[in-house]
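> Structure supplied as entry_35.cif; contents: mmCIF, C-alpha atoms.
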data_start
loop_
_atom_site.group_PDB
_atom_site.id
_atom_site.type_symbol
_atom_site.label_atom_id
_atom_site.label_comp_id
_atom_site.auth_asym_id
_atom_site.auth_seq_id
_atom_site.Cartn_x
_atom_site.Cartn_y
_atom_site.Cartn_z
ATOM 1 C CA MET A 1 171.373 77.494 85.935
ATOM 2 C CA LEU A 2 168.199 77.593 83.903
ATOM 3 C CA TRP A 3 166.887 80.999 84.943
ATOM 4 C CA THR A 4 163.817 80.424 82.782
ATOM 5 C CA GLN A 5 162.552 78.022 85.490
ATOM 6 C CA ALA A 6 162.707 80.693 88.208
ATOM 7 C CA SER A 7 159.717 82.736 89.365
ATOM 8 C CA PHE A 8 159.453 86.440 90.152
ATOM 9 C CA PRO A 9 158.826 86.458 93.916
ATOM 10 C CA VAL A 10 155.791 88.720 94.351
ATOM 11 C CA GLU A 11 152.401 89.151 92.699
ATOM 12 C CA ASN A 12 151.029 92.682 92.164
ATOM 13 C CA PHE A 13 154.563 94.110 92.268
ATOM 14 C CA GLN A 14 154.594 97.917 92.426
ATOM 15 C CA THR A 15 158.187 99.107 92.806
ATOM 16 C CA TYR A 16 161.552 98.447 94.435
ATOM 17 C CA THR A 17 161.709 100.425 97.673
ATOM 18 C CA SER A 18 165.149 99.619 99.058
ATOM 19 C CA PRO A 19 168.161 98.040 97.336
ATOM 20 C CA PHE A 20 170.783 95.603 98.612
ATOM 21 C CA GLY A 21 173.734 97.331 100.265
ATOM 22 C CA TYR A 22 174.343 100.280 102.555
ATOM 23 C CA ARG A 23 171.408 102.567 103.190
ATOM 24 C CA ARG A 24 170.039 104.955 105.780
ATOM 25 C CA ASP A 25 168.135 102.850 108.318
ATOM 26 C CA PRO A 26 164.493 104.057 108.381
ATOM 27 C CA TYR A 27 164.346 103.679 112.182
ATOM 28 C CA SER A 28 167.731 104.892 113.456
ATOM 29 C CA GLY A 29 168.800 107.124 110.577
ATOM 30 C CA SER A 30 172.292 105.576 110.665
ATOM 31 C CA GLN A 31 174.033 103.837 107.761
ATOM 32 C CA ARG A 32 173.410 100.071 107.872
ATOM 33 C CA PHE A 33 173.841 97.231 105.428
ATOM 34 C CA HIS A 34 170.571 95.944 103.963
ATOM 35 C CA TYR A 35 170.864 92.227 103.128
ATOM 36 C CA GLY A 36 168.092 92.013 100.581
ATOM 37 C CA LEU A 37 165.869 93.751 98.080
ATOM 38 C CA ASP A 38 162.539 95.277 99.114
ATOM 39 C CA LEU A 39 159.664 94.782 96.671
ATOM 40 C CA ALA A 40 156.546 96.836 97.404
ATOM 41 C CA ALA A 41 153.152 95.299 96.728
ATOM 42 C CA PRO A 42 149.673 95.778 98.192
ATOM 43 C CA ASN A 43 149.171 94.243 101.621
ATOM 44 C CA GLY A 44 148.020 90.633 101.169
ATOM 45 C CA SER A 45 149.567 90.126 97.713
ATOM 46 C CA TYR A 46 150.881 86.603 97.263
ATOM 47 C CA ILE A 47 154.578 85.770 97.463
ATOM 48 C CA ARG A 48 155.847 83.084 95.101
ATOM 49 C CA ASN A 49 158.759 80.730 95.655
ATOM 50 C CA TRP A 50 161.689 81.820 93.481
ATOM 51 C CA TRP A 51 163.176 78.373 92.851
ATOM 52 C CA ALA A 52 162.114 74.814 93.732
ATOM 53 C CA GLY A 53 163.548 73.713 97.053
ATOM 54 C CA GLU A 54 163.013 72.664 100.641
ATOM 55 C CA VAL A 55 161.816 74.815 103.532
ATOM 56 C CA LEU A 56 164.783 75.313 105.905
ATOM 57 C CA TRP A 57 163.055 77.257 108.682
ATOM 58 C CA VAL A 58 160.041 79.357 109.558
ATOM 59 C CA GLU A 59 159.974 82.081 112.229
ATOM 60 C CA ASP A 60 157.931 85.037 113.350
ATOM 61 C CA ASP A 61 160.122 87.051 115.671
ATOM 62 C CA GLY A 62 162.751 89.712 115.161
ATOM 63 C CA ALA A 63 163.244 92.366 112.501
ATOM 64 C CA CYS A 64 162.278 89.991 109.672
ATOM 65 C CA GLY A 65 158.864 89.308 111.225
ATOM 66 C CA THR A 66 157.004 86.278 109.922
ATOM 67 C CA SER A 67 159.502 84.727 107.539
ATOM 68 C CA ILE A 68 160.643 81.613 105.744
ATOM 69 C CA ALA A 69 163.907 80.351 104.244
ATOM 70 C CA ILE A 70 164.055 77.880 101.368
ATOM 71 C CA GLN A 71 167.128 75.925 100.260
ATOM 72 C CA SER A 72 167.524 75.306 96.518
ATOM 73 C CA GLY A 73 170.818 73.540 95.896
ATOM 74 C CA GLU A 74 173.533 76.025 96.849
ATOM 75 C CA TRP A 75 171.032 78.906 97.065
ATOM 76 C CA THR A 76 169.160 79.993 100.183
ATOM 77 C CA HIS A 77 166.310 82.460 99.648
ATOM 78 C CA ILE A 78 164.665 84.285 102.534
ATOM 79 C CA TYR A 79 161.247 85.963 102.537
ATOM 80 C CA CYS A 80 160.353 88.461 105.302
ATOM 81 C CA HIS A 81 157.444 90.588 106.670
ATOM 82 C CA MET A 82 154.771 88.055 105.714
ATOM 83 C CA HIS A 83 151.215 87.599 106.985
ATOM 84 C CA GLY A 84 150.566 84.747 109.380
ATOM 85 C CA ARG A 85 152.509 83.317 112.271
ATOM 86 C CA VAL A 86 154.489 80.301 113.352
ATOM 87 C CA GLU A 87 152.619 77.718 115.390
ATOM 88 C CA GLY A 88 153.990 74.681 117.194
ATOM 89 C CA SER A 89 157.542 74.091 118.395
ATOM 90 C CA GLY A 90 160.591 72.061 117.495
ATOM 91 C CA GLN A 91 159.992 69.599 114.666
ATOM 92 C CA SER A 92 156.284 70.475 114.522
ATOM 93 C CA GLN A 93 156.744 74.189 113.726
ATOM 94 C CA MET A 94 154.576 75.456 110.890
ATOM 95 C CA LEU A 95 154.062 78.845 109.239
ATOM 96 C CA ILE A 96 150.317 79.364 109.008
ATOM 97 C CA ASP A 97 148.386 82.083 107.192
ATOM 98 C CA ARG A 98 144.820 80.807 107.377
ATOM 99 C CA GLU A 99 143.305 83.695 105.429
ATOM 100 C CA GLY A 100 145.837 83.182 102.613
ATOM 101 C CA GLY A 101 145.559 79.387 102.639
ATOM 102 C CA ILE A 102 149.260 78.919 103.470
ATOM 103 C CA GLN A 103 150.743 76.150 105.628
ATOM 104 C CA LEU A 104 154.477 75.425 105.378
ATOM 105 C CA ARG A 105 156.782 73.420 107.607
ATOM 106 C CA PRO A 106 160.543 72.825 107.654
ATOM 107 C CA GLY A 107 161.495 69.920 105.402
ATOM 108 C CA GLN A 108 158.571 70.498 103.031
ATOM 109 C CA THR A 109 159.398 70.583 99.297
ATOM 110 C CA VAL A 110 158.062 73.640 97.458
ATOM 111 C CA PRO A 111 158.017 73.998 93.640
ATOM 112 C CA ALA A 112 159.133 77.163 91.853
ATOM 113 C CA GLY A 113 156.277 79.631 91.516
ATOM 114 C CA ALA A 114 154.224 78.133 94.372
ATOM 115 C CA ARG A 115 152.473 80.611 96.643
ATOM 116 C CA ILE A 116 154.397 80.532 99.930
ATOM 117 C CA GLY A 117 152.948 83.530 101.761
ATOM 118 C CA ARG A 118 151.479 87.003 101.490
ATOM 119 C CA VAL A 119 153.015 90.465 101.693
ATOM 120 C CA GLY A 120 152.510 91.901 105.154
ATOM 121 C CA MET A 121 154.009 94.270 107.689
ATOM 122 C CA THR A 122 155.419 92.023 110.438
ATOM 123 C CA GLY A 123 158.772 92.797 112.042
ATOM 124 C CA ARG A 124 160.576 96.096 111.339
ATOM 125 C CA THR A 125 158.838 97.624 108.346
ATOM 126 C CA THR A 126 157.431 100.994 107.340
ATOM 127 C CA GLY A 127 154.965 99.669 104.759
ATOM 128 C CA PRO A 128 153.783 96.494 103.020
ATOM 129 C CA HIS A 129 156.584 94.866 101.066
ATOM 130 C CA LEU A 130 158.529 91.650 100.618
ATOM 131 C CA HIS A 131 162.107 91.741 101.872
ATOM 132 C CA TRP A 132 163.822 89.140 99.684
ATOM 133 C CA GLY A 133 167.275 87.986 100.733
ATOM 134 C CA MET A 134 169.538 85.514 98.940
ATOM 135 C CA LYS A 135 172.702 83.587 99.694
ATOM 136 C CA TYR A 136 174.813 81.500 97.352
ATOM 137 C CA GLN A 137 177.121 79.016 99.077
ATOM 138 C CA GLY A 138 176.502 80.916 102.318
ATOM 139 C CA ASN A 139 177.430 84.362 100.934
ATOM 140 C CA TRP A 140 174.921 87.185 100.529
ATOM 141 C CA VAL A 141 174.027 88.034 96.916
ATOM 142 C CA ASP A 142 172.197 91.083 95.559
ATOM 143 C CA PRO A 143 168.764 89.773 94.461
ATOM 144 C CA ALA A 144 168.611 92.526 91.815
ATOM 145 C CA LEU A 145 171.521 90.845 90.002
ATOM 146 C CA VAL A 146 169.616 87.553 90.058
ATOM 147 C CA LEU A 147 166.480 89.237 88.676
ATOM 148 C CA GLN A 148 168.562 90.847 85.928
ATOM 149 C CA ALA A 149 170.061 87.464 84.967
ATOM 150 C CA MET A 150 166.573 85.908 84.973
ATOM 151 C CA TYR A 151 165.234 88.659 82.709
ATOM 152 C CA LEU A 152 168.120 88.414 80.228
ATOM 153 C CA SER A 153 167.859 84.612 80.115
ATOM 154 C CA GLN A 154 164.104 84.692 79.590
ATOM 155 C CA GLN A 155 164.452 87.300 76.811
ATOM 156 C CA ALA A 156 167.049 85.140 75.065
ATOM 157 C CA THR A 157 164.644 82.177 74.900
ATOM 158 C CA ARG A 158 161.898 84.152 73.159
#
Would you write the structure of this file as structure tokens?


Amino acid sequence: MLWTQASFPVENFQTYTSPFGYRRDPYSGSQRFHYGLDLAAPNGSYIRNWWAGEVLWVEDDGACGTSIAIQSGEWTHIYCHMHGRVEGSGQSQMLIDREGGIQLRPGQTVPAGARIGRVGMTGRTTGPHLHWGMKYQGNWVDPALVLQAMYLSQQATR
């Protein structure tokens, strides 16, 4: 894979706030598995598509809040806690963030680096951040390992 074509998923990145793996749940206090990497950024910061692909689904209910999944070959990348909401039903569903100028629907092709949403606080969250989840061939992958591979690949091409 040409990691040099991938995009870091959030503008105005501040820090990583919660890693992939077991952690103390901020609501219950119990140990739970966290299927993603949390990237803190100011509320309203743009989220960029990691890799070119097709929108699988959009939703705005549950712990993930307003969210989108994009399929890129054997990779599925999921973005949670975004601004906006899902409007319509069935085949006409669309994620809309009018203030951010975002409109995405299932089946839409999205290039790498395209703005696909904005950091928000929808769903279960204690502060503005992007929860970024990834699957490869249907299995969860630590996004931090992907970011590390991207960084090393991009350094090697300089």

> List the spatial neighbours of segment 77-89 of chain A as a list in words - criterion: any atom at most 7 Å away, only C-alpha atoms, same-chain residues fewer than 6 positions off excluded.

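Counting only the stated atoms, we get Val58, Glu59, Asp60, Cys64, Gly65, Thr66, Ser67, Ile68, Ala69, Ile70, Gln71, Leu95, Ile96, Asp97, Gly117, Arg118, Val119, Gly120, Met121, Thr122, Gly123, Leu130, His131, Trp132, Gly133, Met134 and Lys135 of chain A.
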
> List the residues selected by the PyMOL selection byres ((chain A and resi 142) around 10) in the file shown, writing them as a list in words.

Pro19, Phe20, Gly21, His34, Tyr35, Gly36, Leu37, Trp132, Gly133, Met134, Lys135, Trp140, Val141, Pro143, Ala144, Leu145, Val146 and Leu147 of chain A

> Can you measure atom CA of Asn43 of chain A to atom CA of Pro128 of chain A for me? One decimal in Å is fine.

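Atom CA of Pro128 of chain A lies at a distance of 5.3 Å from atom CA of Asn43 of chain A.
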
> In Å, rounded to a single decimal, give me how far atom CA of Pro9 of chain A is from atom CA of Glu54 of chain A.

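If I compute the distance from atom CA of Glu54 of chain A to atom CA of Pro9 of chain A, I get 15.9 Å.
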
> Using all atoms listed in the file, which residues sit within 8 Å of Thr17 of chain A once same-chain residues fewer than 6 positions away are excluded, as a list in words?

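Everything that qualifies: Leu37, Asp38, Leu39 and Ala40 of chain A.
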
> Would you mind reading off the distance between atom CA of Ser7 of chain A and atom CA of Arg105 of chain A, one decimal, in Å?

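Interatomic distance, atom CA of Ser7 of chain A to atom CA of Arg105 of chain A: 20.7 Å.
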
> Would you please work out which residue, of A:Gln155, A:Gln14, A:Ser45, A:Asn139, is nearest to Glu99 of chain A when using only C-alpha atoms?

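Answer, going by the shortest atom-to-atom distance: A:Ser45.
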
> Give the answer as one residue: which of A:Ile116, A:Met150, A:Ala156, A:Ala6 has the shortest atom-to-atom distance to Gly101 of chain A, using all atoms listed in the file?

A:Ile116

> Could you pull the residues within 9 Å of Glu74 of chain A, counting all atoms listed in the file, minus those fewer than 2 positions along the same chain, as a ChimeraX atom specification?

/A:71-72,76,135-138

> Here is a test: counting all atoms listed in the file, which residue of A:Ser30, A:Val10, A:Gln5, A:Ile102 is nearest to Thr157 of chain A?

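Looking only at the distances to Thr157 of chain A, the closest residue turns out to be A:Gln5.
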
> From the list A:Trp3, A:Pro42, A:Ile47, A:Gln31, which residue is nearest Gly100 of chain A when using all atoms listed in the file?

A:Ile47

> Select, from A:Trp50, A:Trp75, A:Phe8, A:Trp57, the residue with the minimum atom-to-atom distance to Gly107 of chain A, counting only C-alpha atoms.

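Closest residue, counting only C-alpha atoms: A:Trp57.
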
> Nearest to Tyr16 of chain A: which of A:His129, A:Ser28, A:Trp51, A:Tyr151 is it, counting all atoms listed in the file?

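Closest to Tyr16 of chain A of all the choices is A:His129.
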